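Okay, work19.csv now, which holds CSV, C-alpha atoms:
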chain,number,residue,atom,x,y,z
A,1,MET,CA,104.7,65.4,-35.6
A,2,ILE,CA,101.1,65.2,-36.9
A,3,ARG,CA,100.4,61.9,-38.6
A,4,LEU,CA,97.9,61.9,-41.4
A,5,ALA,CA,96.4,58.8,-43.1
A,6,VAL,CA,95.7,59.8,-46.7
A,7,ASP,CA,93.7,57.9,-49.3
A,8,ALA,CA,95.5,58.3,-52.6
A,9,MET,CA,93.0,56.4,-54.7
A,10,GLY,CA,89.7,58.0,-53.9
A,11,GLY,CA,88.4,60.8,-56.1
A,12,ASP,CA,87.7,61.6,-59.8
A,13,HIS,CA,91.3,62.5,-60.5
A,14,ALA,CA,93.1,59.9,-58.3
A,15,PRO,CA,95.8,59.2,-57.8
A,16,ILE,CA,97.5,62.0,-59.8
A,17,GLU,CA,95.9,65.0,-58.1
A,18,MET,CA,95.9,63.4,-54.6
A,19,VAL,CA,99.6,62.7,-54.8
A,20,LYS,CA,100.4,66.1,-56.1
A,21,GLY,CA,98.3,67.5,-53.3
A,22,VAL,CA,100.5,65.5,-50.8
A,23,ASN,CA,103.6,66.9,-52.5
A,24,LEU,CA,102.3,70.5,-51.9
A,25,ALA,CA,101.3,69.8,-48.3
A,26,ILE,CA,104.7,68.2,-47.4
A,27,GLU,CA,106.5,71.2,-48.9
A,28,LYS,CA,104.3,73.7,-47.0
A,29,TYR,CA,104.0,72.1,-43.6
A,30,ASP,CA,107.1,70.7,-41.8
A,31,ASP,CA,105.1,69.3,-38.9
A,32,ILE,CA,103.2,66.6,-40.8
A,33,GLU,CA,104.0,62.9,-41.6
A,34,ILE,CA,101.8,61.3,-44.3
A,35,HIS,CA,100.9,57.7,-44.5
A,36,LEU,CA,99.7,57.3,-48.1
A,37,PHE,CA,97.3,54.4,-49.0
A,38,GLY,CA,97.0,53.1,-52.5
A,39,ASP,CA,98.7,51.4,-55.4
A,40,GLU,CA,102.4,51.9,-54.8
A,41,ASN,CA,103.4,51.7,-58.4
A,42,GLU,CA,100.9,54.4,-59.4
A,43,ILE,CA,101.6,56.6,-56.5
A,44,ASN,CA,105.4,56.6,-57.1
A,45,LYS,CA,104.9,58.0,-60.6
A,46,TYR,CA,103.8,61.3,-59.1
A,47,LEU,CA,105.2,61.4,-55.6
A,48,THR,CA,108.1,63.6,-54.7
A,49,PRO,CA,110.3,61.4,-52.4
A,50,SER,CA,110.3,62.6,-48.8
A,51,PRO,CA,111.3,61.0,-45.5
A,52,ARG,CA,107.9,62.2,-44.1
A,53,VAL,CA,105.8,60.3,-46.6
A,54,LYS,CA,105.3,56.5,-46.2
A,55,VAL,CA,103.4,54.6,-49.0
A,56,ILE,CA,101.3,51.7,-47.8
A,57,HIS,CA,100.5,49.5,-50.7
A,58,THR,CA,96.7,49.0,-51.0
A,59,PRO,CA,95.6,47.9,-54.5
A,60,TYR,CA,91.8,47.9,-53.9
A,61,VAL,CA,89.9,51.1,-54.7
A,62,LEU,CA,86.3,51.9,-53.5
A,63,ASP,CA,84.3,52.9,-56.6
A,64,MET,CA,83.0,56.5,-56.6
A,65,GLY,CA,79.6,55.2,-57.5
A,66,VAL,CA,79.5,52.5,-54.8
A,67,GLU,CA,75.8,51.6,-54.0
A,68,ASP,CA,76.3,49.5,-50.8
A,69,PRO,CA,79.4,50.7,-48.9
A,70,ILE,CA,78.3,48.6,-45.8
A,71,LYS,CA,78.5,45.4,-47.9
A,72,GLU,CA,81.8,46.5,-49.4
A,73,LEU,CA,83.3,47.1,-46.0
A,74,ARG,CA,82.2,43.7,-44.7
A,75,THR,CA,83.4,41.8,-47.8
A,76,ASN,CA,86.6,43.6,-48.4
A,77,PRO,CA,88.0,45.9,-45.7
A,78,GLU,CA,91.2,46.3,-47.7
A,79,TYR,CA,90.0,49.2,-49.8
A,80,SER,CA,92.4,52.2,-49.5
A,81,MET,CA,89.8,54.4,-47.8
A,82,PHE,CA,88.9,51.8,-45.2
A,83,LYS,CA,92.5,51.0,-44.6
A,84,ALA,CA,93.3,54.7,-44.0
A,85,ILE,CA,90.4,54.9,-41.5
A,86,LYS,CA,91.5,51.7,-39.7
A,87,HIS,CA,95.0,53.3,-39.5
A,88,VAL,CA,93.6,56.0,-37.2
A,89,LYS,CA,91.5,53.4,-35.3
A,90,ASP,CA,94.7,51.5,-34.5
A,91,GLY,CA,96.4,54.6,-33.2
A,92,ASN,CA,98.8,54.9,-36.1
A,93,ALA,CA,97.6,58.3,-37.4
A,94,ASP,CA,95.8,61.4,-36.0
A,95,ALA,CA,93.4,62.1,-38.9
A,96,ILE,CA,92.2,60.9,-42.3
A,97,VAL,CA,91.8,62.6,-45.6
A,98,THR,CA,90.0,61.1,-48.6
A,99,SER,CA,88.3,62.3,-51.8
A,100,GLY,CA,86.5,58.9,-52.1
A,101,PRO,CA,82.7,58.4,-52.1
A,102,THR,CA,81.0,60.3,-49.4
A,103,GLN,CA,78.7,57.5,-48.2
A,104,GLY,CA,81.8,55.2,-48.1
A,105,ALA,CA,83.5,57.7,-45.7
A,106,VAL,CA,80.3,58.0,-43.6
A,107,VAL,CA,80.0,54.2,-43.3
A,108,GLY,CA,83.7,53.7,-42.8
A,109,GLY,CA,83.9,56.3,-40.1
A,110,THR,CA,80.8,55.0,-38.3
A,111,LEU,CA,81.6,51.3,-38.4
A,112,ILE,CA,85.4,51.4,-38.0
A,113,LEU,CA,85.9,54.4,-35.7
A,114,ARG,CA,82.4,54.2,-34.1
A,115,ARG,CA,80.3,57.1,-32.9
A,116,ILE,CA,81.2,59.4,-30.0
A,117,LYS,CA,79.5,58.3,-26.8
A,118,GLY,CA,76.2,60.2,-26.6
A,119,MET,CA,76.0,60.9,-30.3
A,120,LYS,CA,73.1,59.1,-32.0
A,121,ARG,CA,73.9,60.2,-35.5
A,122,VAL,CA,76.9,61.3,-37.5
A,123,ALA,CA,76.7,64.3,-39.9
A,124,ILE,CA,78.4,65.6,-43.0
A,125,CYS,CA,79.7,69.0,-42.1
A,126,PRO,CA,80.9,71.2,-45.1
A,127,PHE,CA,82.3,74.7,-44.8
A,128,ILE,CA,80.6,77.1,-47.2
A,129,PRO,CA,82.5,80.3,-48.2
A,130,ASP,CA,80.5,83.3,-49.5
A,131,PHE,CA,81.5,86.2,-51.7
A,132,THR,CA,82.7,88.3,-48.8
A,133,GLY,CA,85.2,85.7,-47.6
A,134,ARG,CA,83.1,84.6,-44.6
A,135,THR,CA,82.7,80.9,-44.1
A,136,ARG,CA,79.8,79.2,-42.5
A,137,ILE,CA,79.4,75.7,-41.2
A,138,LEU,CA,76.4,73.6,-42.4
A,139,LEU,CA,75.3,70.3,-41.0
A,140,ASP,CA,73.9,67.8,-41.7
A,141,SER,CA,74.4,67.9,-45.5
A,142,GLY,CA,73.5,64.3,-46.4
A,143,ALA,CA,74.4,61.7,-43.8
A,144,ASN,CA,70.8,61.3,-42.5
A,145,VAL,CA,67.5,61.6,-44.3
A,146,GLU,CA,65.4,61.0,-41.2
A,147,PHE,CA,66.1,62.8,-38.0
A,148,ARG,CA,64.9,63.6,-34.5
A,149,PRO,CA,65.1,67.1,-32.9
A,150,GLU,CA,67.7,66.1,-30.4
A,151,HIS,CA,70.1,65.1,-33.3
A,152,LEU,CA,70.1,68.7,-34.4
A,153,LEU,CA,71.0,69.9,-30.9
A,154,ASP,CA,74.0,67.5,-31.0
A,155,PHE,CA,75.0,68.9,-34.3
A,156,ALA,CA,74.7,72.5,-33.1
A,157,VAL,CA,77.0,71.8,-30.1
A,158,VAL,CA,79.6,70.0,-32.2
A,159,ALA,CA,79.6,72.7,-34.9
A,160,SER,CA,79.9,75.4,-32.3
A,161,ILE,CA,83.0,73.8,-31.0
A,162,ILE,CA,84.5,73.6,-34.5
A,163,SER,CA,83.6,77.2,-35.1
A,164,LYS,CA,85.4,78.3,-31.9
A,165,SER,CA,88.4,76.1,-32.3
A,166,TYR,CA,89.0,76.3,-36.1
A,167,PHE,CA,87.5,79.6,-37.1
A,168,LYS,CA,88.3,81.3,-33.8
A,169,VAL,CA,84.8,82.7,-33.4
A,170,ASP,CA,84.3,83.6,-29.7
A,171,ASN,CA,80.6,83.0,-29.5
A,172,PRO,CA,79.3,81.3,-32.7
A,173,LYS,CA,75.8,82.2,-33.7
A,174,VAL,CA,73.6,79.2,-34.5
A,175,GLY,CA,70.7,79.2,-36.9
A,176,LEU,CA,68.1,76.6,-37.7
A,177,VAL,CA,67.3,76.3,-41.4
A,178,ASN,CA,63.6,76.7,-41.8
A,179,ILE,CA,60.8,78.0,-44.1
A,180,GLY,CA,60.2,81.0,-42.0
A,181,ALA,CA,61.7,83.1,-39.2
A,182,GLU,CA,58.9,82.5,-36.7
A,183,ALA,CA,59.3,79.8,-34.0
A,184,SER,CA,56.0,78.2,-35.1
A,185,LYS,CA,57.2,77.6,-38.7
A,186,GLY,CA,58.1,74.2,-40.2
A,187,ARG,CA,57.4,70.6,-39.4
A,188,ALA,CA,56.7,69.3,-35.9
A,189,GLU,CA,60.4,68.2,-35.6
A,190,ASP,CA,61.6,71.7,-36.6
A,191,ILE,CA,59.4,73.4,-34.0
A,192,GLU,CA,60.6,71.0,-31.3
A,193,ALA,CA,64.2,71.5,-32.4
A,194,TYR,CA,63.8,75.2,-32.2
A,195,GLU,CA,62.8,74.9,-28.5
A,196,LEU,CA,65.7,72.5,-27.7
A,197,LEU,CA,68.2,74.9,-29.4
A,198,LYS,CA,66.7,78.0,-27.7
A,199,ASN,CA,66.9,76.5,-24.2
A,200,ASN,CA,70.4,75.1,-24.4
A,201,SER,CA,73.1,77.1,-22.6
A,202,GLN,CA,76.0,75.6,-24.6
A,203,ILE,CA,75.1,77.3,-27.9
A,204,ASN,CA,74.3,80.9,-29.0
A,205,PHE,CA,71.0,80.2,-30.9
A,206,ILE,CA,69.6,83.2,-32.9
A,207,GLY,CA,66.5,81.5,-34.3
A,208,ASN,CA,65.3,80.3,-37.7
A,209,VAL,CA,67.1,81.2,-40.9
A,210,GLU,CA,65.4,81.0,-44.3
A,211,PRO,CA,67.4,79.5,-47.1
A,212,LYS,CA,67.4,82.7,-49.1
A,213,GLU,CA,69.3,84.4,-46.2
A,214,MET,CA,71.8,81.6,-45.4
A,215,MET,CA,74.7,83.4,-47.0
A,216,SER,CA,73.8,86.9,-45.9
A,217,THR,CA,72.6,86.5,-42.3
A,218,ASP,CA,74.9,87.1,-39.4
A,219,VAL,CA,75.2,83.4,-38.5
A,220,ASP,CA,78.2,81.0,-38.1
A,221,VAL,CA,76.5,77.6,-37.9
A,222,LEU,CA,73.5,76.4,-39.9
A,223,VAL,CA,71.8,73.2,-38.6
A,224,THR,CA,69.2,71.1,-40.5
A,225,ASP,CA,68.4,67.5,-41.5
A,226,GLY,CA,70.6,65.8,-44.1
A,227,PHE,CA,68.0,65.8,-46.8
A,228,THR,CA,67.4,69.6,-46.6
A,229,GLY,CA,71.0,70.3,-46.0
A,230,ASN,CA,72.1,68.4,-49.1
A,231,ILE,CA,69.6,70.2,-51.3
A,232,LEU,CA,70.6,73.5,-49.8
A,233,MET,CA,74.3,73.0,-50.4
A,234,LYS,CA,74.0,71.7,-53.9
A,235,SER,CA,71.6,74.5,-54.8
A,236,TYR,CA,74.1,77.1,-53.6
A,237,GLU,CA,76.9,75.4,-55.5
A,238,GLY,CA,74.8,75.3,-58.6
A,239,ALA,CA,73.7,79.0,-58.2
A,240,VAL,CA,77.4,80.1,-57.8
A,241,LYS,CA,78.4,78.2,-60.9
A,242,ALA,CA,75.5,79.5,-63.0
A,243,PHE,CA,76.2,83.1,-61.9
A,244,SER,CA,79.9,82.7,-62.8
A,245,GLU,CA,79.0,81.3,-66.2
A,246,ALA,CA,76.5,84.0,-66.9
A,247,ILE,CA,79.0,86.8,-66.0
A,248,LYS,CA,81.6,85.2,-68.4
A,249,GLU,CA,79.0,84.9,-71.2
A,250,GLU,CA,78.0,88.5,-70.8
A,251,VAL,CA,81.5,89.8,-70.7
A,252,TYR,CA,82.2,88.2,-74.1
A,253,SER,CA,78.9,89.4,-75.6
A,254,SER,CA,80.3,92.6,-77.1
A,255,LEU,CA,83.4,94.8,-77.4
A,256,ARG,CA,82.0,97.2,-74.8
A,257,ALA,CA,81.4,94.4,-72.4
A,258,LYS,CA,84.9,93.0,-73.0
A,259,ILE,CA,86.4,96.4,-72.1
A,260,GLY,CA,84.3,96.6,-69.0
A,261,GLY,CA,85.2,93.0,-68.1
A,262,LEU,CA,88.9,93.9,-68.5
A,263,LEU,CA,88.5,96.8,-66.1
A,264,MET,CA,86.6,94.6,-63.6
A,265,LYS,CA,88.9,91.6,-64.0
A,266,LYS,CA,90.7,92.1,-60.7
A,267,ALA,CA,87.4,92.6,-58.8
A,268,PHE,CA,85.9,89.5,-60.4
A,269,LYS,CA,89.0,87.5,-59.5
A,270,ASN,CA,88.9,88.7,-55.9
A,271,ILE,CA,85.2,87.7,-55.5
A,272,LYS,CA,85.8,84.3,-57.1
A,273,SER,CA,88.7,83.6,-54.8
A,274,LYS,CA,86.6,84.4,-51.7
A,275,ALA,CA,83.9,81.9,-52.7
A,276,ASN,CA,86.3,79.3,-54.0
A,277,PRO,CA,85.4,75.9,-52.4
A,278,ASP,CA,88.9,74.6,-53.2
A,279,VAL,CA,90.3,76.9,-50.5
A,280,VAL,CA,88.1,75.3,-47.8
A,281,GLY,CA,89.6,71.8,-48.3
A,282,GLY,CA,86.5,69.7,-47.7
A,283,ALA,CA,83.8,68.6,-45.3
A,284,ILE,CA,84.2,66.9,-41.9
A,285,ILE,CA,82.4,63.7,-41.0
A,286,VAL,CA,81.4,64.6,-37.4
A,287,GLY,CA,80.0,62.5,-34.6
A,288,ILE,CA,82.7,59.8,-35.0
A,289,GLU,CA,85.8,59.0,-32.9
A,290,GLY,CA,88.3,60.6,-35.1
A,291,VAL,CA,89.0,63.5,-37.5
A,292,LEU,CA,87.9,62.5,-41.0
A,293,VAL,CA,88.1,65.1,-43.8
A,294,LYS,CA,86.1,64.3,-46.9
A,295,ALA,CA,87.6,66.4,-49.7
A,296,HIS,CA,85.5,67.0,-52.8
A,297,GLY,CA,85.4,64.1,-55.2
A,298,SER,CA,86.6,66.4,-58.0
A,299,SER,CA,89.4,67.9,-56.0
A,300,ASN,CA,92.5,69.0,-57.8
A,301,ALA,CA,96.0,69.1,-56.1
A,302,PHE,CA,95.4,72.5,-54.6
A,303,ALA,CA,92.0,71.6,-53.1
A,304,PHE,CA,93.3,68.3,-51.8
A,305,SER,CA,96.3,70.0,-50.2
A,306,ASN,CA,93.8,72.2,-48.4
A,307,GLY,CA,92.0,69.1,-47.2
A,308,ILE,CA,95.3,67.9,-45.7
A,309,ARG,CA,95.7,71.4,-44.1
A,310,LEU,CA,92.2,71.1,-42.6
A,311,ALA,CA,93.0,67.7,-41.1
A,312,ARG,CA,96.3,69.0,-39.8
A,313,GLU,CA,94.8,72.0,-38.1
A,314,LEU,CA,91.9,70.0,-36.5
A,315,ALA,CA,94.4,67.5,-35.2
A,316,LYS,CA,96.6,70.2,-33.8
A,317,GLU,CA,93.6,71.8,-32.0
A,318,ASP,CA,92.8,68.3,-30.5
A,319,ILE,CA,89.2,68.9,-31.7
A,320,MET,CA,88.1,65.5,-30.7
A,321,SER,CA,88.8,66.0,-27.0
A,322,GLN,CA,86.8,69.3,-27.1
A,323,ILE,CA,83.9,67.6,-28.8
A,324,ARG,CA,83.8,64.7,-26.4
A,325,VAL,CA,83.7,67.1,-23.4
A,326,ALA,CA,80.9,69.1,-24.9
A,327,ILE,CA,78.8,66.1,-25.8
A,328,GLU,CA,79.3,64.6,-22.4
A,329,ALA,CA,78.2,67.9,-20.7
A,330,LEU,CA,75.2,68.2,-23.0
A,331,HIS,CA,73.9,64.7,-22.1
A,332,ASN,CA,74.6,65.3,-18.4
A,333,GLU,CA,72.4,68.4,-18.2

Written as structure tokens, how would this file's structure read?
Amino acid sequence: MIRLAVDAMGGDHAPIEMVKGVNLAIEKYDDIEIHLFGDENEINKYLTPSPRVKVIHTPYVLDMGVEDPIKELRTNPEYSMFKAIKHVKDGNADAIVTSGPTQGAVVGGTLILRRIKGMKRVAICPFIPDFTGRTRILLDSGANVEFRPEHLLDFAVVASIISKSYFKVDNPKVGLVNIGAEASKGRAEDIEAYELLKNNSQINFIGNVEPKEMMSTDVDVLVTDGFTGNILMKSYEGAVKAFSEAIKEEVYSSLRAKIGGLLMKKAFKNIKSKANPDVVGGAIIVGIEGVLVKAHGSSNAFAFSNGIRLARELAKEDIMSQIRVAIEALHNE
């Protein structure tokens, strides 16, 4: 049985959507046991009783706009998110799922679970689906503003393991996000990172990838610093949203357009479903000693249930053991 520590109180729509997501996951997967952290009275309003769900009363909620999560952890480790993370640290669960504040998850994962030996930085690792149904791994997308080239090599090795184990890609292609395809492009750190990636035998490095090509290039893993990655991810999300709204507005602009939209309805629906981030489930906080899935803060029940699915599958694959072995091998080269 896979044991999952789930934060019911983190997220814009907590605890309603989180608990409903738990209900969906429990119904779908018979090999999981969920330890649900949060206000017991609120949780029980929406929870479908199950012998595989245990509610652990935790009345404190980490605010989505928290400015200093380190201070909050030190002064009150009883927040539902931190308690769920500590549950894994104590060996009582195999993975964590939360929709709470991202920096809170990064801080909690780093200070409670600690970093994997050999990893100098943690990273936020989202899965980004495109309109063809292909999903790429991007990291870092916001955990670190400053970086060193060797950090990107660590990230590339970890993401390659995830791509192989979770997405079943035999030899994942790794690209370095940069302003040009040439090896000489970018900052000094980018040029040095290019050489480190190119000369490492653990990864299949294909070179630089320009942002305009990130969702069309034949690449499985995109590595970059957290500042660039966060802008890249949010720009893509914004572009997809703007494109969808523009299509909707155009369809309703005239009778002819409405008829055309009706004829294209199935095609539009298929495309939208392929790029739907709710299907992905969330990002992973990598580089720490445990599986921590950070579901989107605005997750609905469906999206949150997919975050639980993601945590379940990573735990089943024993992804942490694979990452530890790869990082140890990297730093022994």

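If you measure from each of A:Ile26, A:Val106, A:Val169, A:Gly207 to Ala183 (chain A) using all atoms listed in the file, the closest one turns out to be A:Gly207.
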
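Our summary of the geometry notes that CA of Asn306 (chain A) is positioned 6.2 Å from CA of Val279 (chain A).
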
Measuring between all atoms listed in the file, which one of A:Asp278, A:Glu27, A:Glu213, A:Asp63 shows the shortest distance to Ala14 (chain A)? A:Asp63

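Closest approach to Lys120 (chain A) among A:His331, A:Lys266, A:Lys212, A:Arg256: A:His331, based on all atoms listed in the file.
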
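Taking only C-alpha atoms into account, Gln322 (chain A) lies nearest to A:Ile162 out of the set A:Val286, A:Leu255, A:Leu262, A:Ile162.
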
Around the point (81.1, 57.5, -32.3) in the file's coordinates, collect all residues with an atom within 10 Å, using all atoms listed in the file, and return them as a ChimeraX atom specification. /A:109-122,286-290,324

Same residues, C-alpha atoms, output as a tab-separated table (two decimals), in the frame of the given file:
chain	number	residue	atom	x	y	z
A	109	GLY	CA	83.90	56.30	-40.10
A	110	THR	CA	80.80	55.00	-38.30
A	111	LEU	CA	81.60	51.30	-38.40
A	112	ILE	CA	85.40	51.40	-38.00
A	113	LEU	CA	85.90	54.40	-35.70
A	114	ARG	CA	82.40	54.20	-34.10
A	115	ARG	CA	80.30	57.10	-32.90
A	116	ILE	CA	81.20	59.40	-30.00
A	117	LYS	CA	79.50	58.30	-26.80
A	118	GLY	CA	76.20	60.20	-26.60
A	119	MET	CA	76.00	60.90	-30.30
A	120	LYS	CA	73.10	59.10	-32.00
A	121	ARG	CA	73.90	60.20	-35.50
A	122	VAL	CA	76.90	61.30	-37.50
A	286	VAL	CA	81.40	64.60	-37.40
A	287	GLY	CA	80.00	62.50	-34.60
A	288	ILE	CA	82.70	59.80	-35.00
A	289	GLU	CA	85.80	59.00	-32.90
A	290	GLY	CA	88.30	60.60	-35.10
A	324	ARG	CA	83.80	64.70	-26.40
